[in-house]
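Shown next: start_36.tsv, containing TSV, C-alpha atoms.
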chain	number	residue	atom	x	y	z
D	1	MET	CA	100.06	224.60	-300.83
D	2	ALA	CA	96.66	224.85	-302.45
D	3	ALA	CA	97.33	221.61	-304.24
D	4	LEU	CA	98.38	220.14	-300.93
D	5	GLY	CA	95.27	221.51	-299.23
D	6	GLY	CA	93.00	220.10	-301.97
D	7	GLY	CA	94.82	216.83	-301.92
D	8	GLY	CA	94.65	216.78	-298.10
D	9	THR	CA	90.82	217.00	-297.95
D	10	ARG	CA	90.46	214.26	-300.56
D	11	TRP	CA	92.88	212.10	-298.62
D	12	ARG	CA	91.07	212.77	-295.38
D	13	ARG	CA	87.63	211.84	-296.82
D	14	ALA	CA	88.76	208.53	-298.29
D	15	TRP	CA	90.97	207.43	-295.57
D	16	LEU	CA	89.72	208.05	-292.06
D	17	PRO	CA	90.27	204.47	-290.92
D	18	SER	CA	87.74	204.47	-288.02
D	19	LEU	CA	84.96	205.87	-290.25
D	20	GLN	CA	85.83	203.41	-293.03
D	21	LEU	CA	85.77	200.42	-290.67
D	22	LEU	CA	82.48	201.40	-289.04
D	23	ARG	CA	80.80	201.75	-292.38
D	24	ARG	CA	82.06	198.39	-293.57
D	25	GLY	CA	81.90	196.12	-290.49
D	26	SER	CA	78.85	194.91	-288.45
D	27	LYS	CA	77.48	196.66	-285.39
D	28	ALA	CA	78.64	196.10	-281.84
D	29	VAL	CA	75.61	193.96	-280.90
D	30	THR	CA	74.98	191.27	-283.48
D	31	ARG	CA	72.85	188.15	-283.76
D	32	HIS	CA	75.83	186.01	-284.67
D	33	TRP	CA	78.99	185.42	-282.71
D	34	LYS	CA	81.27	188.26	-283.50
D	35	ALA	CA	85.03	187.71	-283.39
D	36	MET	CA	86.70	189.66	-280.62
D	37	HIS	CA	89.01	192.46	-281.51
D	38	PHE	CA	92.57	191.32	-281.14
D	39	GLN	CA	93.30	193.84	-278.44
D	40	ARG	CA	90.25	192.71	-276.53
D	41	GLN	CA	91.36	189.10	-276.97
D	42	LYS	CA	94.72	189.90	-275.46
D	43	LEU	CA	93.09	191.76	-272.57
D	44	MET	CA	90.77	188.83	-271.82
D	45	ALA	CA	93.66	186.38	-271.88
D	46	VAL	CA	95.70	188.47	-269.52
D	47	THR	CA	92.86	189.09	-267.09
D	48	GLU	CA	91.60	185.46	-267.02
D	49	TYR	CA	90.68	184.19	-263.54
D	50	LEU	CA	93.15	181.65	-262.15
D	51	PRO	CA	91.84	180.02	-258.94
D	52	PRO	CA	94.32	179.82	-256.11
D	53	ARG	CA	96.02	176.39	-255.92
D	54	PRO	CA	96.40	174.90	-252.44
D	55	ALA	CA	99.91	174.10	-251.32
D	56	VAL	CA	99.03	170.40	-250.80
D	57	PRO	CA	96.70	168.93	-253.46
D	58	PRO	CA	93.45	167.75	-251.79
D	59	ARG	CA	93.87	164.18	-253.09
D	60	CYS	CA	97.06	163.83	-250.99
D	61	LEU	CA	95.25	164.69	-247.79
D	62	PRO	CA	93.54	161.96	-245.73
D	63	ARG	CA	89.85	161.51	-246.58
D	64	PRO	CA	87.58	163.24	-244.06
D	65	SER	CA	85.66	160.54	-242.14
D	66	THR	CA	81.93	161.01	-242.52
D	67	GLY	CA	81.40	159.79	-238.94
D	68	ALA	CA	77.74	159.26	-238.07
D	69	GLN	CA	76.06	159.34	-241.47
D	70	GLN	CA	73.06	161.59	-241.54
D	71	GLU	CA	70.09	159.37	-242.11
D	72	ASP	CA	67.84	160.46	-244.88
D	73	GLY	CA	64.27	161.25	-243.84
D	74	GLN	CA	62.86	159.09	-246.58
D	75	VAL	CA	64.96	156.12	-245.47
D	76	ARG	CA	63.66	156.58	-241.94
D	77	VAL	CA	60.05	156.63	-243.15
D	78	LEU	CA	60.50	153.52	-245.28
D	79	ARG	CA	62.22	151.72	-242.41
D	80	ARG	CA	59.34	152.56	-240.08
D	81	GLN	CA	56.85	151.27	-242.63
D	82	VAL	CA	58.71	147.98	-242.92
D	83	GLU	CA	58.84	147.63	-239.12
D	84	GLU	CA	55.09	148.25	-238.84
D	85	THR	CA	54.38	145.75	-241.60
D	86	LEU	CA	56.48	143.05	-239.94
D	87	ARG	CA	54.97	143.71	-236.54
D	88	GLY	CA	51.35	143.34	-237.63
D	89	SER	CA	51.51	140.20	-239.74
D	90	ARG	CA	51.39	136.51	-238.95
D	91	ILE	CA	52.71	135.38	-242.29
D	92	VAL	CA	55.69	137.03	-244.05
D	93	ALA	CA	56.61	135.38	-247.35
D	94	VAL	CA	59.72	136.44	-249.28
D	95	CYS	CA	59.56	136.07	-253.05
D	96	GLN	CA	61.96	136.95	-255.83
D	97	TYR	CA	60.42	139.44	-258.21
D	98	ASN	CA	61.36	139.21	-261.88
D	99	SER	CA	60.10	141.87	-264.23
D	100	MET	CA	56.42	141.58	-265.11
D	101	PRO	CA	54.15	143.70	-267.26
D	102	ASP	CA	52.26	146.30	-265.24
D	103	GLU	CA	48.81	144.87	-265.82
D	104	ASP	CA	50.00	141.46	-264.62
D	105	VAL	CA	51.34	143.08	-261.45
D	106	ALA	CA	47.98	144.77	-260.89
D	107	MET	CA	46.06	141.50	-261.37
D	108	PHE	CA	48.46	139.66	-259.07
D	109	ARG	CA	48.00	142.26	-256.33
D	110	HIS	CA	44.22	142.17	-256.84
D	111	TYR	CA	43.96	138.39	-256.48
D	112	LEU	CA	46.07	138.40	-253.35
D	113	ARG	CA	44.17	141.33	-251.86
D	114	LYS	CA	40.98	139.29	-252.14
D	115	HIS	CA	42.50	136.88	-249.60
D	116	ASN	CA	43.74	139.75	-247.39
D	117	ILE	CA	47.39	139.30	-248.46
D	118	HIS	CA	49.32	142.51	-249.08
D	119	VAL	CA	52.18	142.82	-251.55
D	120	LYS	CA	55.05	145.08	-250.45
D	121	PHE	CA	57.94	146.03	-252.71
D	122	VAL	CA	61.07	146.39	-250.58
D	123	LEU	CA	64.58	147.69	-251.10
D	124	ASN	CA	67.36	145.51	-249.74
D	125	GLU	CA	69.39	148.33	-248.18
D	126	ILE	CA	66.38	149.37	-246.10
D	127	VAL	CA	65.12	145.95	-245.15
D	128	ARG	CA	68.43	144.34	-244.20
D	129	PRO	CA	69.17	146.56	-241.14
D	130	VAL	CA	65.56	146.21	-239.98
D	131	LEU	CA	65.66	142.43	-240.21
D	132	ALA	CA	69.06	142.17	-238.57
D	133	GLN	CA	67.64	143.69	-235.40
D	134	SER	CA	64.33	141.82	-235.40
D	135	LYS	CA	63.46	138.16	-234.87
D	136	TYR	CA	63.59	137.51	-238.64
D	137	ARG	CA	67.39	137.64	-238.88
D	138	ASN	CA	67.57	134.15	-240.33
D	139	LEU	CA	65.74	135.43	-243.41
D	140	LEU	CA	68.65	137.78	-244.19
D	141	PRO	CA	70.33	135.56	-246.84
D	142	LEU	CA	67.14	135.71	-248.91
D	143	PHE	CA	67.38	139.46	-249.44
D	144	VAL	CA	69.61	139.58	-252.49
D	145	CYS	CA	68.34	140.92	-255.86
D	146	GLN	CA	64.81	142.28	-256.22
D	147	ASN	CA	62.35	140.95	-253.68
D	148	ILE	CA	58.77	141.42	-252.63
D	149	LEU	CA	57.11	140.61	-249.33
D	150	LEU	CA	53.70	139.02	-249.10
D	151	VAL	CA	52.31	139.81	-245.66
D	152	SER	CA	49.00	138.98	-244.11
D	153	PRO	CA	47.45	138.99	-240.63
D	154	GLU	CA	45.88	135.57	-241.43
D	155	THR	CA	47.67	132.36	-242.42
D	156	ARG	CA	46.06	131.50	-245.74
D	157	ALA	CA	48.94	129.68	-247.34
D	158	ARG	CA	46.84	127.55	-249.71
D	159	GLU	CA	45.35	130.55	-251.52
D	160	MET	CA	48.72	132.26	-251.66
D	161	LEU	CA	50.33	129.22	-253.26
D	162	ARG	CA	47.50	128.92	-255.74
D	163	VAL	CA	47.96	132.51	-256.91
D	164	LEU	CA	51.75	132.15	-257.01
D	165	LYS	CA	51.44	129.03	-259.18
D	166	GLY	CA	49.72	131.11	-261.83
D	167	VAL	CA	52.49	133.74	-261.83
D	168	PRO	CA	55.82	132.22	-262.94
D	169	GLN	CA	57.72	135.49	-262.63
D	170	VAL	CA	57.39	135.53	-258.84
D	171	ASN	CA	59.32	132.73	-257.08
D	172	LEU	CA	58.60	131.91	-253.45
D	173	LEU	CA	61.87	131.59	-251.57
D	174	GLY	CA	60.80	131.17	-247.96
D	175	ALA	CA	58.37	132.37	-245.34
D	176	CYS	CA	57.98	132.99	-241.64
D	177	ILE	CA	54.58	131.81	-240.41
D	178	ASP	CA	53.70	132.35	-236.73
D	179	ASP	CA	57.37	132.77	-235.74
D	180	THR	CA	58.43	129.64	-237.62
D	181	ILE	CA	60.77	129.97	-240.58
D	182	LEU	CA	59.77	127.65	-243.41
D	183	SER	CA	61.29	126.88	-246.77
D	184	ARG	CA	59.19	126.59	-249.91
D	185	LYS	CA	58.55	122.89	-249.27
D	186	GLY	CA	57.61	123.74	-245.71
D	187	VAL	CA	55.04	126.27	-246.91
D	188	GLU	CA	53.54	123.67	-249.26
D	189	ASN	CA	53.27	121.17	-246.41
D	190	PHE	CA	51.76	123.83	-244.17
D	191	ALA	CA	49.16	124.60	-246.83
D	192	GLN	CA	48.06	120.97	-246.85
D	193	LEU	CA	47.49	120.88	-243.09
D	194	PRO	CA	43.84	121.13	-241.94
D	195	SER	CA	42.76	124.45	-240.49
D	196	LEU	CA	43.25	125.26	-236.81
D	197	GLU	CA	39.57	124.78	-235.90
D	198	VAL	CA	39.41	121.36	-237.57
D	199	SER	CA	42.59	120.16	-235.85
D	200	GLN	CA	41.34	121.50	-232.49
D	201	GLY	CA	38.08	119.58	-232.95
D	202	GLN	CA	40.01	116.41	-233.80
D	203	THR	CA	42.16	116.77	-230.66
D	204	VAL	CA	39.09	117.31	-228.44
D	205	ALA	CA	37.36	114.28	-229.97
D	206	ALA	CA	40.44	112.11	-229.40
D	207	LEU	CA	40.73	113.17	-225.74
D	208	SER	CA	37.02	112.80	-224.97
D	209	LEU	CA	37.00	109.36	-226.62
D	210	LEU	CA	39.17	107.98	-223.80
D	211	SER	CA	37.00	109.46	-221.05
D	212	SER	CA	33.81	108.18	-222.70
D	213	GLN	CA	35.40	104.75	-222.89
D	214	THR	CA	36.18	104.88	-219.13
D	215	SER	CA	32.55	105.30	-218.15
D	216	SER	CA	31.44	102.46	-220.40
D	217	LEU	CA	34.27	100.29	-219.04
D	218	LEU	CA	33.15	100.88	-215.44
D	219	GLN	CA	29.55	100.06	-216.26
D	220	ARG	CA	30.44	96.90	-218.16
D	221	GLY	CA	30.60	94.60	-215.09
D	222	PRO	CA	27.23	95.49	-213.55
D	223	ALA	CA	25.66	95.60	-217.02
D	224	HIS	CA	26.92	92.09	-217.74
D	225	LEU	CA	25.59	90.87	-214.37
D	226	THR	CA	22.21	92.48	-215.04
D	227	ALA	CA	22.00	90.84	-218.44
D	228	LEU	CA	22.86	87.42	-217.01
D	229	LEU	CA	20.25	87.73	-214.24
D	230	ASP	CA	17.64	88.82	-216.75
D	231	GLU	CA	18.41	85.80	-218.90
D	232	HIS	CA	18.23	83.49	-215.84
D	233	ILE	CA	14.84	84.88	-214.80
D	234	ARG	CA	13.53	84.47	-218.32
D	235	ARG	CA	14.65	80.85	-218.45
D	236	LEU	CA	13.15	80.11	-215.02
D	237	ARG	CA	9.89	81.69	-216.10
D	238	ASP	CA	9.85	79.62	-219.27
D	239	THR	CA	10.55	76.33	-217.50
D	240	GLY	CA	8.19	77.25	-214.61
D	241	GLY	CA	5.41	77.92	-217.09
D	242	ALA	CA	5.98	74.52	-218.81
D	243	THR	CA	6.03	72.29	-215.68
D	244	GLU	CA	4.05	74.12	-212.98
D	245	PRO	CA	4.13	72.25	-209.67
D	246	PRO	CA	0.76	72.07	-207.70
D	247	PRO	CA	0.82	74.94	-205.21
D	248	GLY	CA	-0.69	72.86	-202.25
D	249	GLN	CA	1.94	70.12	-202.16
D	250	SER	CA	4.81	72.58	-202.07
D	251	THR	CA	3.31	74.47	-199.11
D	252	GLY	CA	2.49	71.18	-197.27
D	253	ASN	CA	6.04	69.92	-197.37
D	254	LEU	CA	7.38	73.15	-195.89
F	255	MET	CA	73.28	144.79	-267.09
F	256	ALA	CA	69.78	144.30	-268.44
F	257	SER	CA	70.20	147.11	-270.95
F	258	LYS	CA	73.30	145.46	-272.46
F	259	VAL	CA	71.62	142.08	-272.83
F	260	SER	CA	71.36	140.96	-276.43
F	261	LEU	CA	70.36	137.38	-275.73
F	262	VAL	CA	68.43	135.59	-278.43
F	263	LEU	CA	66.65	132.58	-277.01
F	264	ARG	CA	65.38	131.24	-280.32
F	265	PRO	CA	67.36	127.99	-280.29
F	266	VAL	CA	66.52	127.32	-276.62
F	267	LYS	CA	63.75	124.93	-275.64
F	268	SER	CA	63.77	125.29	-271.85
F	269	ILE	CA	65.85	126.67	-269.01
F	270	VAL	CA	65.71	125.32	-265.47
F	271	VAL	CA	67.38	127.37	-262.73
F	272	ARG	CA	67.84	125.37	-259.54
F	273	PHE	CA	69.07	127.04	-256.36
F	274	CYS	CA	68.78	127.05	-252.61
F	275	PRO	CA	68.01	130.62	-251.48
F	276	PHE	CA	69.37	130.22	-247.96
F	277	GLU	CA	72.89	129.54	-249.28
F	278	PRO	CA	75.31	132.48	-249.65
F	279	ASN	CA	76.51	131.68	-253.19
F	280	VAL	CA	73.27	132.13	-255.13
F	281	GLU	CA	73.43	135.83	-255.90
F	282	SER	CA	74.78	135.48	-259.42
F	283	THR	CA	72.30	132.72	-260.28
F	284	ARG	CA	69.39	134.79	-259.03
F	285	LYS	CA	70.56	137.80	-261.04
F	286	PHE	CA	70.86	135.55	-264.08
F	287	LEU	CA	67.25	134.44	-263.56
F	288	GLN	CA	66.21	138.07	-263.27
F	289	CYS	CA	67.94	138.88	-266.57
F	290	LEU	CA	66.17	135.97	-268.26
F	291	TYR	CA	62.79	137.44	-267.37
F	292	HIS	CA	63.61	140.77	-269.01
F	293	LYS	CA	60.95	141.62	-271.60
F	294	LYS	CA	63.44	141.94	-274.49
F	295	VAL	CA	64.82	138.51	-273.79
F	296	GLN	CA	61.39	136.98	-273.37
F	297	ALA	CA	60.26	138.57	-276.63
F	298	THR	CA	62.91	136.69	-278.61
F	299	ASN	CA	61.24	133.36	-277.91
F	300	THR	CA	57.87	133.10	-276.19
F	301	ASN	CA	57.92	129.28	-276.38
F	302	CYS	CA	60.98	129.01	-274.20
F	303	GLU	CA	60.03	127.77	-270.72
F	304	VAL	CA	61.99	129.34	-267.92
F	305	THR	CA	61.48	127.48	-264.64
F	306	ALA	CA	62.86	128.32	-261.22
F	307	ASP	CA	63.32	125.32	-258.93
F	308	VAL	CA	63.68	126.51	-255.34
F	309	ARG	CA	65.10	123.86	-253.02
F	310	HIS	CA	66.30	123.76	-249.44
F	311	ASP	CA	68.86	120.97	-249.47
F	312	GLY	CA	72.13	122.91	-249.50
F	313	SER	CA	72.76	121.97	-253.13
F	314	GLU	CA	74.80	124.13	-255.51
F	315	PRO	CA	72.99	126.54	-257.82
F	316	VAL	CA	72.71	125.06	-261.32
F	317	VAL	CA	71.40	126.41	-264.61
F	318	ASP	CA	70.27	123.69	-267.03
F	319	VAL	CA	69.63	124.84	-270.60
F	320	MET	CA	68.03	122.48	-273.14
F	321	PHE	CA	68.41	123.51	-276.76
F	322	ALA	CA	65.97	122.68	-279.54
F	323	ASP	CA	68.53	120.51	-281.35
F	324	GLY	CA	69.07	118.32	-278.27
F	325	ASP	CA	72.19	119.98	-276.87
F	326	ARG	CA	72.40	120.67	-273.16
F	327	LEU	CA	74.32	123.37	-271.30
F	328	ILE	CA	74.82	122.99	-267.57
F	329	MET	CA	76.30	125.95	-265.70
F	330	LYS	CA	77.18	125.67	-262.02
F	331	GLY	CA	76.61	129.16	-260.74
F	332	ALA	CA	78.38	128.88	-257.39
F	333	HIS	CA	81.65	130.33	-258.70
F	334	LEU	CA	80.47	132.10	-261.84
F	335	THR	CA	79.36	135.68	-262.24
F	336	THR	CA	76.14	136.68	-263.94
F	337	GLY	CA	78.03	138.24	-266.84
F	338	GLU	CA	79.99	135.08	-267.49
F	339	MET	CA	76.86	132.93	-267.52
F	340	LEU	CA	75.04	135.35	-269.81
F	341	SER	CA	77.95	135.61	-272.25
F	342	ALA	CA	78.35	131.83	-272.34
F	343	LEU	CA	74.67	131.35	-273.16
F	344	GLU	CA	74.69	134.24	-275.61
F	345	SER	CA	77.66	132.88	-277.57
F	346	ARG	CA	76.13	129.43	-277.86
F	347	CYS	CA	72.73	130.80	-278.86
F	348	ASN	CA	74.29	133.03	-281.53
F	349	ALA	CA	76.35	130.15	-282.92
F	350	LYS	CA	73.30	127.91	-283.16
F	351	ASP	CA	71.23	130.69	-284.68
F	352	LEU	CA	73.87	131.31	-287.32
F	353	LYS	CA	74.04	127.61	-288.15
F	354	GLU	CA	70.27	127.53	-288.45
F	355	GLU	CA	70.24	130.52	-290.78
F	356	GLN	CA	72.92	129.00	-292.98
F	357	LYS	CA	70.98	125.73	-293.14
F	358	ASN	CA	67.84	127.65	-294.09
F	359	LYS	CA	69.70	129.53	-296.81
F	360	LYS	CA	71.04	126.31	-298.28
F	361	ASN	CA	67.63	124.60	-298.26
F	362	PRO	CA	65.02	127.30	-298.91

Before anything else, please render the file you have as structure tokens.
Amino acid sequence: MAALGGGGTRWRRAWLPSLQLLRRGSKAVTRHWKAMHFQRQKLMAVTEYLPPRPAVPPRCLPRPSTGAQQEDGQVRVLRRQVEETLRGSRIVAVCQYNSMPDEDVAMFRHYLRKHNIHVKFVLNEIVRPVLAQSKYRNLLPLFVCQNILLVSPETRAREMLRVLKGVPQVNLLGACIDDTILSRKGVENFAQLPSLEVSQGQTVAALSLLSSQTSSLLQRGPAHLTALLDEHIRRLRDTGGATEPPPGQSTGNL
Amino acid sequence: MASKVSLVLRPVKSIVVRFCPFEPNVESTRKFLQCLYHKKVQATNTNCEVTADVRHDGSEPVVDVMFADGDRLIMKGAHLTTGEMLSALESRCNAKDLKEEQKNKKNP
């Protein structure tokens, strides 16, 4: 019994499994990932959340129609900006924009701004509905790929073409000048026309030429008669001065 | 598409892209032109002249490529996609580049 008692305490000291394990293993909260106890692993597996599955999978149901799509506020703002731009400009030129370095873009915008031409970068999905409802609907086929709009309240096509010639990355596709849609060739021809004031002056001069000719035409007859009579009097005076008849004889005969 | 472009324009002398923007079949040609002006592509050969010829005569869109060794590649873009045009040009450019490199290796 004593031997058993002595042996029992020795056995108990060396072999309390929980004490042994705690002394040997790491703490509960560690800085590294600690492997879960097997019992805990089993508990976690059993109590895992399984979401409820619908009787009919959602992909078999008909797609819900979005109906009237909610228009984004930003899209509305951009659309309004485009409408305002189109309303207040006499010349709207559509150009294809190929990628340019930023400083070149800044210089390009600066040179055009000097001639009061504004450069607007536009997105096709915003511009196309706006154009479809405005008078510019024939410009719709141009709005494919990246485009920019050159708008201006004046019609300075010559300066615009000069700047565009120096920038090969921007290609002029077409323009609408004073409600007239022009192709690239049309814009070049328009640029070579004289300005409105010069052409108005030419028209006025051409019309007044005819009326000035009328007055001179009417006066031509009497003027011719006057000239002839003057010439006749001069000749009579010359011949009368050469052979002057005696004044007495002429009065005696009468 | 621009990020996948690995076009090397070294053997190309000039490219002329002719199209009529009011026609409905010019989208691929215009996208091709846009890809040509990408900075990586332009950096491969700064002497290559890329010209855009905008017409209004209802003609088909055409891409005319002149190579430095005299060859000419004409692509009618009306029924081609941008990818097809780019891959055609890319394959020819790579072939010519390779030939050039081999010639240079033979005669140093």

Considering all atoms listed in the file, tabulate each residue of chain F that lies at most 8 Å from chain D along with its nearest interatomic pair and the corresponding distance in Å to one decimal; arrange the rows by chain and ascending residue number and present them as a tab-separated table.
residue	atom	partner	partner_atom	distance
F:Pro275	CA	D:Leu142	CA	5.8
F:Phe276	CA	D:Pro141	CA	5.5
F:Glu277	CA	D:Pro141	CA	7.0
F:Pro278	CA	D:Pro141	CA	6.5
F:Glu281	CA	D:Val144	CA	6.3
F:Arg284	CA	D:Cys145	CA	7.0
F:Lys285	CA	D:Cys145	CA	6.4
F:Leu287	CA	D:Asn98	CA	7.8
F:Gln288	CA	D:Asn98	CA	5.2
F:Tyr291	CA	D:Asn98	CA	5.9
F:His292	CA	D:Ser99	CA	6.0
F:Lys293	CA	D:Ser99	CA	7.4
F:Thr305	CA	D:Pro168	CA	7.6
F:Ala306	CA	D:Asn171	CA	7.0
F:Val308	CA	D:Leu173	CA	6.6
F:Arg309	CA	D:Arg184	CA	7.2
F:His310	CA	D:Ser183	CA	6.5

Legend entry - Polymer residues at most 10 Å from Asn301 of chain F, all atoms listed in the file, same-chain spacing of 4 or more positions, as a PyMOL selection string: chain F and resi 263-264+266-268+296-297

When you look at segment 195-212 of chain D with a cut-off of 12 Å (counting all atoms listed in the file), what residues show up, excluding the ones that are within fewer than 5 positions of it in the same chain? I need them as a PDB file with C-alpha atoms, keeping the file's coordinate frame.
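Output below, filename part10.pdb:
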ATOM      1  CA  GLU D 154      45.880 135.570-241.430  1.00  0.00           C
ATOM      2  CA  THR D 155      47.670 132.360-242.420  1.00  0.00           C
ATOM      3  CA  ARG D 156      46.060 131.500-245.740  1.00  0.00           C
ATOM      4  CA  ALA D 157      48.940 129.680-247.340  1.00  0.00           C
ATOM      5  CA  ARG D 158      46.840 127.550-249.710  1.00  0.00           C
ATOM      6  CA  PHE D 190      51.760 123.830-244.170  1.00  0.00           C
ATOM      7  CA  LEU D 217      34.270 100.290-219.040  1.00  0.00           C
ATOM      8  CA  LEU D 218      33.150 100.880-215.440  1.00  0.00           C
ATOM      9  CA  GLN D 219      29.550 100.060-216.260  1.00  0.00           C
TER      10      GLN D 219
END

Legend entry - Using only C-alpha atoms: which of D:Leu150, D:Ile117, D:Leu61, D:Val187 has the shortest distance to Cys95 of chain D: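 Looking only at the distances to Cys95 of chain D, the closest residue turns out to be D:Leu150.
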
Inset, instruction - Have a look at atom CA of Val270 of chain F and atom CA of Ser345 of chain F and let me know their distance in Å, one decimal. - result: 18.6 Å

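Nearest-residue note for Thr336 of chain F: choosing from F:Leu261, F:Lys350, F:Phe286, F:Thr300, the minimum distance belongs to F:Phe286, counting all atoms listed in the file.
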
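Computed from the coordinates, the atom CA of Val280 of chain F to atom CA of Glu314 of chain F distance equals 8.2 Å.
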
Inset, instruction - Using all atoms listed in the file, find the one residue out of F:Cys347, F:Met339, F:Leu290, F:Val262 that sits nearest to Val316 of chain F. - result: F:Met339

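One distance worth recording is that between atom CA of Met107 of chain D and atom CA of Phe121 of chain D, which is 15.4 Å.
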